[in-house]
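Okay, input.pdb is below, PDB, C-alpha atoms and all ligand atoms:
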```
ATOM      1  CA  MET A   1      -6.279   2.566  16.599
ATOM      2  CA  LYS A   2      -6.623  -1.152  17.299
ATOM      3  CA  ILE A   3      -9.243  -3.868  17.237
ATOM      4  CA  ASP A   4      -9.631  -6.383  20.041
ATOM      5  CA  LEU A   5      -9.182  -9.925  18.717
ATOM      6  CA  THR A   6     -10.738 -11.653  21.699
ATOM      7  CA  ASN A   7     -14.359 -12.798  21.809
ATOM      8  CA  ILE A   8     -15.113 -11.804  18.237
ATOM      9  CA  PRO A   9     -18.872 -12.167  17.770
ATOM     10  CA  LEU A  10     -20.100 -14.218  14.803
ATOM     11  CA  GLU A  11     -21.425 -11.088  13.116
ATOM     12  CA  GLY A  12     -17.951  -9.613  13.375
ATOM     13  CA  ARG A  13     -16.459  -6.434  14.685
ATOM     14  CA  GLU A  14     -15.907  -3.413  12.484
ATOM     15  CA  ALA A  15     -14.359   0.020  12.444
ATOM     16  CA  ASP A  16     -14.400   3.098  10.229
ATOM     17  CA  PHE A  17     -11.350   5.263  10.366
ATOM     18  CA  THR A  18      -9.361   7.935   8.610
ATOM     19  CA  LEU A  19      -5.594   8.065   8.298
ATOM     20  CA  LYS A  20      -4.134  11.522   7.834
ATOM     21  CA  PRO A  21      -1.522  12.091   5.101
ATOM     22  CA  ASP A  22       1.286  12.377   7.662
ATOM     23  CA  TRP A  23       0.528   8.793   8.764
ATOM     24  CA  TRP A  24       2.449   7.586   5.727
ATOM     25  CA  LYS A  25       6.183   7.344   6.296
ATOM     26  CA  SER A  26       8.146   6.882   3.105
ATOM     27  CA  ASP A  27      10.878   4.339   3.309
ATOM     28  CA  LEU A  28      13.599   3.259   0.924
ATOM     29  CA  GLU A  29      11.970  -0.052   0.097
ATOM     30  CA  GLU A  30       8.848   1.685  -1.118
ATOM     31  CA  ASP A  31      10.275   4.676  -2.916
ATOM     32  CA  ARG A  32       7.581   4.402  -5.613
ATOM     33  CA  ILE A  33       5.235   5.977  -3.085
ATOM     34  CA  VAL A  34       6.209   9.555  -2.298
ATOM     35  CA  GLY A  35       3.298  10.146   0.064
ATOM     36  CA  LEU A  36      -0.420  10.675   0.435
ATOM     37  CA  GLU A  37      -2.206  13.602  -1.156
ATOM     38  CA  SER A  38      -5.427  13.029   0.705
ATOM     39  CA  PRO A  39      -6.404  11.180   3.888
ATOM     40  CA  VAL A  40      -7.144   7.460   3.632
ATOM     41  CA  SER A  41     -10.795   6.659   4.342
ATOM     42  CA  ALA A  42     -10.990   3.086   5.477
ATOM     43  CA  TRP A  43     -13.430   0.522   6.747
ATOM     44  CA  ILE A  44     -12.405  -2.799   8.197
ATOM     45  CA  LYS A  45     -14.300  -5.776   9.590
ATOM     46  CA  ILE A  46     -13.043  -8.920  11.318
ATOM     47  CA  TYR A  47     -15.025 -12.079  11.800
ATOM     48  CA  PRO A  48     -14.358 -15.717  12.655
ATOM     49  CA  ALA A  49     -13.886 -17.967   9.606
ATOM     50  CA  GLY A  50     -13.289 -21.583  10.555
ATOM     51  CA  ASN A  51      -9.983 -21.745  12.388
ATOM     52  CA  LYS A  52      -8.930 -18.358  11.021
ATOM     53  CA  ILE A  53      -9.970 -14.769  11.304
ATOM     54  CA  ALA A  54     -11.179 -13.034   8.156
ATOM     55  CA  VAL A  55     -10.253  -9.395   7.727
ATOM     56  CA  GLU A  56     -12.347  -7.613   5.155
ATOM     57  CA  GLY A  57     -12.166  -3.968   4.264
ATOM     58  CA  SER A  58     -12.052  -1.178   1.776
ATOM     59  CA  PHE A  59     -10.177   2.070   1.521
ATOM     60  CA  SER A  60      -9.634   4.977  -0.813
ATOM     61  CA  THR A  61      -7.082   7.735  -1.068
ATOM     62  CA  ARG A  62      -4.997   9.748  -3.500
ATOM     63  CA  LEU A  63      -1.321   8.859  -3.604
ATOM     64  CA  LEU A  64       1.679  10.702  -4.855
ATOM     65  CA  LEU A  65       3.795   8.242  -6.833
ATOM     66  CA  ARG A  66       7.193   8.661  -8.429
ATOM     67  CA  CYS A  67       7.367   8.021 -12.168
ATOM     68  CA  ASP A  68       9.878   5.296 -13.075
ATOM     69  CA  ARG A  69      10.904   7.108 -16.259
ATOM     70  CA  CYS A  70      11.099  10.812 -15.446
ATOM     71  CA  LEU A  71      11.282  10.472 -11.619
ATOM     72  CA  GLU A  72       8.671  13.227 -11.182
ATOM     73  CA  PRO A  73       5.851  12.746  -8.648
ATOM     74  CA  TYR A  74       2.289  12.386  -9.954
ATOM     75  CA  SER A  75      -1.152  11.866  -8.408
ATOM     76  CA  TRP A  76      -2.838   8.484  -8.474
ATOM     77  CA  ASP A  77      -6.338   7.754  -7.177
ATOM     78  CA  LEU A  78      -6.822   4.454  -5.481
ATOM     79  CA  SER A  79      -9.757   2.614  -4.020
ATOM     80  CA  LYS A  80      -9.668  -1.019  -3.096
ATOM     81  CA  ASP A  81     -11.665  -3.791  -1.457
ATOM     82  CA  PHE A  82      -9.786  -6.676   0.096
ATOM     83  CA  ARG A  83     -10.199  -9.773   2.195
ATOM     84  CA  ILE A  84      -7.370 -11.605   3.931
ATOM     85  CA  TYR A  85      -7.258 -14.388   6.472
ATOM     86  CA  LEU A  86      -5.184 -14.399   9.605
ATOM     87  CA  SER A  87      -4.034 -17.790  10.782
ATOM     88  CA  ILE A  88      -4.928 -17.267  14.363
ATOM     89  CA  SER A  89      -7.372 -19.474  16.131
ATOM     90  CA  PRO A  90     -10.437 -17.458  17.100
ATOM     91  CA  PHE A  91     -10.128 -17.492  20.833
ATOM     92  CA  LYS A  92     -12.569 -16.943  23.546
ATOM     93  CA  GLY A  93     -12.261 -15.263  26.861
ATOM     94  CA  ASN A  94      -8.914 -13.881  27.868
ATOM     95  CA  ALA A  95      -6.783 -16.534  26.193
ATOM     96  CA  GLU A  96      -3.633 -15.275  24.540
ATOM     97  CA  VAL A  97      -3.441 -15.084  20.781
ATOM     98  CA  GLU A  98      -2.219 -18.366  19.394
ATOM     99  CA  LEU A  99      -0.172 -17.889  16.257
ATOM    100  CA  LEU A 100      -0.515 -20.913  14.009
ATOM    101  CA  GLU A 101       1.789 -20.009  11.143
ATOM    102  CA  ASP A 102       5.273 -18.603  11.045
ATOM    103  CA  ASP A 103       4.660 -16.460   7.992
ATOM    104  CA  LEU A 104       2.054 -14.338   9.680
ATOM    105  CA  ASN A 105       2.846 -10.680   9.417
ATOM    106  CA  LEU A 106       3.356  -9.742  13.030
ATOM    107  CA  ASP A 107       3.196  -6.038  12.326
ATOM    108  CA  PHE A 108      -0.563  -6.474  12.310
ATOM    109  CA  ILE A 109      -0.805  -7.900  15.753
ATOM    110  CA  ASP A 110       0.189  -6.731  19.175
ATOM    111  CA  GLY A 111      -0.855  -9.098  21.940
ATOM    112  CA  LYS A 112      -4.556  -9.575  21.442
ATOM    113  CA  PHE A 113      -5.021  -6.509  19.278
ATOM    114  CA  LEU A 114      -5.021  -6.031  15.535
ATOM    115  CA  HIS A 115      -3.609  -2.835  14.047
ATOM    116  CA  PRO A 116      -5.854  -2.067  11.085
ATOM    117  CA  ASP A 117      -3.609   0.714   9.772
ATOM    118  CA  GLN A 118      -0.807  -1.826   9.250
ATOM    119  CA  ILE A 119      -3.159  -3.929   7.158
ATOM    120  CA  ILE A 120      -4.147  -0.878   5.107
ATOM    121  CA  LYS A 121      -0.466  -0.051   4.635
ATOM    122  CA  GLU A 122       0.287  -3.499   3.257
ATOM    123  CA  GLN A 123      -2.771  -3.485   0.979
ATOM    124  CA  LEU A 124      -1.829  -0.050  -0.298
ATOM    125  CA  ILE A 125       1.704  -1.197  -1.172
ATOM    126  CA  LEU A 126       0.311  -4.303  -2.913
ATOM    127  CA  THR A 127      -1.997  -2.153  -5.048
ATOM    128  CA  VAL A 128       0.621   0.230  -6.405
ATOM    129  CA  PRO A 129       1.825  -1.004  -9.813
ATOM    130  CA  MET A 130       5.396  -2.293 -10.009
ATOM    131  CA  LYS A 131       5.938  -0.017 -13.007
ATOM    132  CA  THR A 132       4.837   3.527 -12.237
ATOM    133  CA  LEU A 133       4.373   5.934 -15.153
ATOM    134  CA  CYS A 134       3.117   9.524 -14.899
ATOM    135  CA  THR A 135       1.551   9.158 -18.361
ATOM    136  CA  VAL A 136       1.778   6.288 -20.855
ATOM    137  CA  GLU A 137       3.661   8.545 -23.239
ATOM    138  CA  CYS A 138       6.123   9.838 -20.636
ATOM    139  CA  LYS A 139       9.346  10.649 -22.495
ATOM    140  CA  GLY A 140      11.546  10.116 -19.455
ATOM    141  CA  LEU A 141      14.964  11.620 -18.896
ATOM    142  CA  CYS A 142      17.556  12.326 -21.560
ATOM    143  CA  PRO A 143      20.146   9.539 -21.155
ATOM    144  CA  ILE A 144      22.919  12.018 -21.903
ATOM    145  CA  CYS A 145      22.226  15.180 -19.902
ATOM    146  CA  GLY A 146      19.499  13.860 -17.593
ATOM    147  CA  CYS A 147      16.961  16.598 -18.320
ATOM    148  CA  ASN A 148      13.231  15.811 -18.200
ATOM    149  CA  LEU A 149      12.207  15.415 -21.840
ATOM    150  CA  ASN A 150       8.524  16.030 -20.998
ATOM    151  CA  THR A 151       9.230  19.619 -20.045
ATOM    152  CA  THR A 152      12.570  20.427 -21.669
ATOM    153  CA  THR A 153      14.178  20.019 -25.044
ATOM    154  CA  CYS A 154      17.903  19.551 -24.781
ATOM    155  CA  SER A 155      20.464  19.873 -27.526
ATOM    156  CA  CYS A 156      21.562  16.234 -27.147
ATOM    157  CA  SER A 157      18.362  14.910 -28.712
ATOM    158  CA  SER A 158      18.165  17.562 -31.448
ATOM    159  CA  GLY A 159      21.567  16.518 -32.815
ATOM    160  CA  ASP A 160      22.521  13.218 -34.369
ATOM    161  CA  LYS A 161      19.531  10.937 -33.769
ATOM    162  CA  ASN A 162      21.693   7.877 -34.374
ATOM    163  CA  PHE A 163      23.867   8.777 -31.443
ATOM    164  CA  LEU A 164      21.656   6.974 -28.942
ATOM    165  CA  PHE A 165      21.407   3.853 -31.043
ATOM    166  CA  SER A 166      25.095   3.683 -31.874
ATOM    167  CA  ASN A 167      25.787   3.772 -28.165
ATOM    168  CA  GLN A 168      23.754   0.678 -27.346
TER     169      GLN A 168
HETATM  170 ZN    ZN A 201       7.141  10.381 -16.163
HETATM  171 ZN    ZN A 202      19.992  15.877 -23.113
END
```
Mind converting the file's structure to structure tokens?
Ligand SMILES: [Zn+2]
Ligand SMILES: [Zn+2]
Amino acid sequence: MKIDLTNIPLEGREADFTLKPDWWKSDLEEDRIVGLESPVSAWIKIYPAGNKIAVEGSFSTRLLLRCDRCLEPYSWDLSKDFRIYLSISPFKGNAEVELLEDDLNLDFIDGKFLHPDQIIKEQLILTVPMKTLCTVECKGLCPICGCNLNTTTCSCSSGDKNFLFSNQ
């Protein structure tokens, strides 16, 4: 899946696409995201904007996130609209892509093609909250035995309640 960046008409160039759940590859940097529970439905449009290229789009999916407190996965629905600008001069004909800024994310671009799924991936990561919680009242893990206090009651917490505080 790629979009040709040459000869972009003024009215733009657009694409509808679906990314299957196995498209997502978890990596260590993004361990908040366990995976996708449903395909990503996405729409993307590129058009010339001054000396840049505007990339506008929207997508929706259901993610499986890992709770920061209890470490259990939970479902999270997401839908997002976005618009970003690529610092590439809109070129005509068969000219090569001219990269104008060093900080451009090159994962997006391959020669004269744009990879829309890489843009969706970045937008998806940006949308996930830094602090992930399965529920606002998640009780987390017992700091002593490590059991999940949402589903289990351990003997550590039923004993001396001051124990935790005296340890801090
Ligand atoms: Zn939790
Ligand atoms: Zn415990």
Query raised in the report: Contacts of A:Asp117 at 12 Å or less, counting all atoms listed in the file, minus same-chain residues fewer than 3 places along, as a ChimeraX atom specification?
Result: /A:1-3,15-20,23-24,40-44,57-59,107-109,114,120-124
Query raised in the report: Evaluating the PyMOL selection byres (((not hetatm)) within 8 of (chain A and resi 202)) on the displayed file yields which residues, as JSON, numbers by chain?
Result: {"A": [141, 142, 143, 144, 145, 146, 147, 149, 153, 154, 155, 156, 157]}
Could you save those same residues with C-alpha atoms as a PDB file, in the frame of the given file?
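New file again_19.pdb:
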```pdb
ATOM      1  CA  LEU A 141      14.964  11.620 -18.896  1.00  0.00           C
ATOM      2  CA  CYS A 142      17.556  12.326 -21.560  1.00  0.00           C
ATOM      3  CA  PRO A 143      20.146   9.539 -21.155  1.00  0.00           C
ATOM      4  CA  ILE A 144      22.919  12.018 -21.903  1.00  0.00           C
ATOM      5  CA  CYS A 145      22.226  15.180 -19.902  1.00  0.00           C
ATOM      6  CA  GLY A 146      19.499  13.860 -17.593  1.00  0.00           C
ATOM      7  CA  CYS A 147      16.961  16.598 -18.320  1.00  0.00           C
ATOM      8  CA  LEU A 149      12.207  15.415 -21.840  1.00  0.00           C
ATOM      9  CA  THR A 153      14.178  20.019 -25.044  1.00  0.00           C
ATOM     10  CA  CYS A 154      17.903  19.551 -24.781  1.00  0.00           C
ATOM     11  CA  SER A 155      20.464  19.873 -27.526  1.00  0.00           C
ATOM     12  CA  CYS A 156      21.562  16.234 -27.147  1.00  0.00           C
ATOM     13  CA  SER A 157      18.362  14.910 -28.712  1.00  0.00           C
TER      14      SER A 157
END
```
Counting only C-alpha atoms and all ligand atoms, give me one row per residue of chain A with an atom at most 7 Å from an atom of ligand ZN 201 (chain A), showing the shortest contact pair and its distance in Å to one decimal, sorted by chain then residue number, as a tab-separated table.
```
residue	atom	partner	partner_atom	distance
A:Cys67	CA	A:ZN201	ZN	4.6
A:Asp68	CA	A:ZN201	ZN	6.5
A:Arg69	CA	A:ZN201	ZN	5.0
A:Cys70	CA	A:ZN201	ZN	4.0
A:Leu71	CA	A:ZN201	ZN	6.1
A:Glu72	CA	A:ZN201	ZN	5.9
A:Leu133	CA	A:ZN201	ZN	5.3
A:Cys134	CA	A:ZN201	ZN	4.3
A:Thr135	CA	A:ZN201	ZN	6.1
A:Cys138	CA	A:ZN201	ZN	4.6
A:Lys139	CA	A:ZN201	ZN	6.7
A:Gly140	CA	A:ZN201	ZN	5.5
```
Query raised in the report: What is the distance, in Å and to one decimal place, between atom CA of A:Ile84 and atom CA of A:Glu30?
Result: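 Separation of atom CA of A:Ile84 and atom CA of A:Glu30: 21.6 Å.
Using only C-alpha atoms, the contacts of A:Ser26 at a cut-off of 12 Å, with sequence neighbours closer than 3 positions omitted, comprise Pro21, Asp22, Trp23, Glu29, Glu30, Asp31, Arg32, Ile33, Val34, Gly35, Leu36, Leu63, Leu64, Leu65, Arg66, Lys121 and Ile125 of chain A.
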Query raised in the report: Suppose you want the space between atom CA of A:Asp110 and atom CA of A:Val128; what is it in Å?
Result: 26.5 Å
Query raised in the report: So which residues fall inside 9 Å of (-17.2, -5.0, 13.9) if we count all atoms listed in the file? Mind giving them as a list of chain:residue names?
Result: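 Protein and nucleic acid residues near the point are A:Ile3, A:Ile8, A:Pro9, A:Glu11, A:Gly12, A:Arg13, A:Glu14, A:Ala15, A:Ile44, A:Lys45, A:Ile46, A:Tyr47.
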Using only C-alpha atoms, list the residues that have an atom at most 9 Å from (-6.4, 2.9, -7.4), coordinates as in the file, as an mmCIF file with C-alpha atoms, in the frame of the given file.
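selection_38.cif, freshly written:
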```cif
data_model
loop_
_atom_site.group_PDB
_atom_site.id
_atom_site.type_symbol
_atom_site.label_atom_id
_atom_site.label_comp_id
_atom_site.auth_asym_id
_atom_site.auth_seq_id
_atom_site.Cartn_x
_atom_site.Cartn_y
_atom_site.Cartn_z
ATOM 1 C CA SER A 60 -9.634 4.977 -0.813
ATOM 2 C CA THR A 61 -7.082 7.735 -1.068
ATOM 3 C CA ARG A 62 -4.997 9.748 -3.500
ATOM 4 C CA LEU A 63 -1.321 8.859 -3.604
ATOM 5 C CA TRP A 76 -2.838 8.484 -8.474
ATOM 6 C CA ASP A 77 -6.338 7.754 -7.177
ATOM 7 C CA LEU A 78 -6.822 4.454 -5.481
ATOM 8 C CA SER A 79 -9.757 2.614 -4.020
ATOM 9 C CA LYS A 80 -9.668 -1.019 -3.096
ATOM 10 C CA LEU A 124 -1.829 -0.050 -0.298
ATOM 11 C CA THR A 127 -1.997 -2.153 -5.048
ATOM 12 C CA VAL A 128 0.621 0.230 -6.405
#
```
Query raised in the report: Between atom CA of A:Asn51 and atom CA of A:Tyr85, what is the distance, to one decimal in Å?
Result: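 Interatomic distance here is 9.8 Å.
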Query raised in the report: Could you spell out the hits of the PyMOL selection byres (((chain A and resi 86) around 6) and not hetatm) on the shown file, as a PyMOL selection string?
Result: chain A and resi 52-53+85+87-88
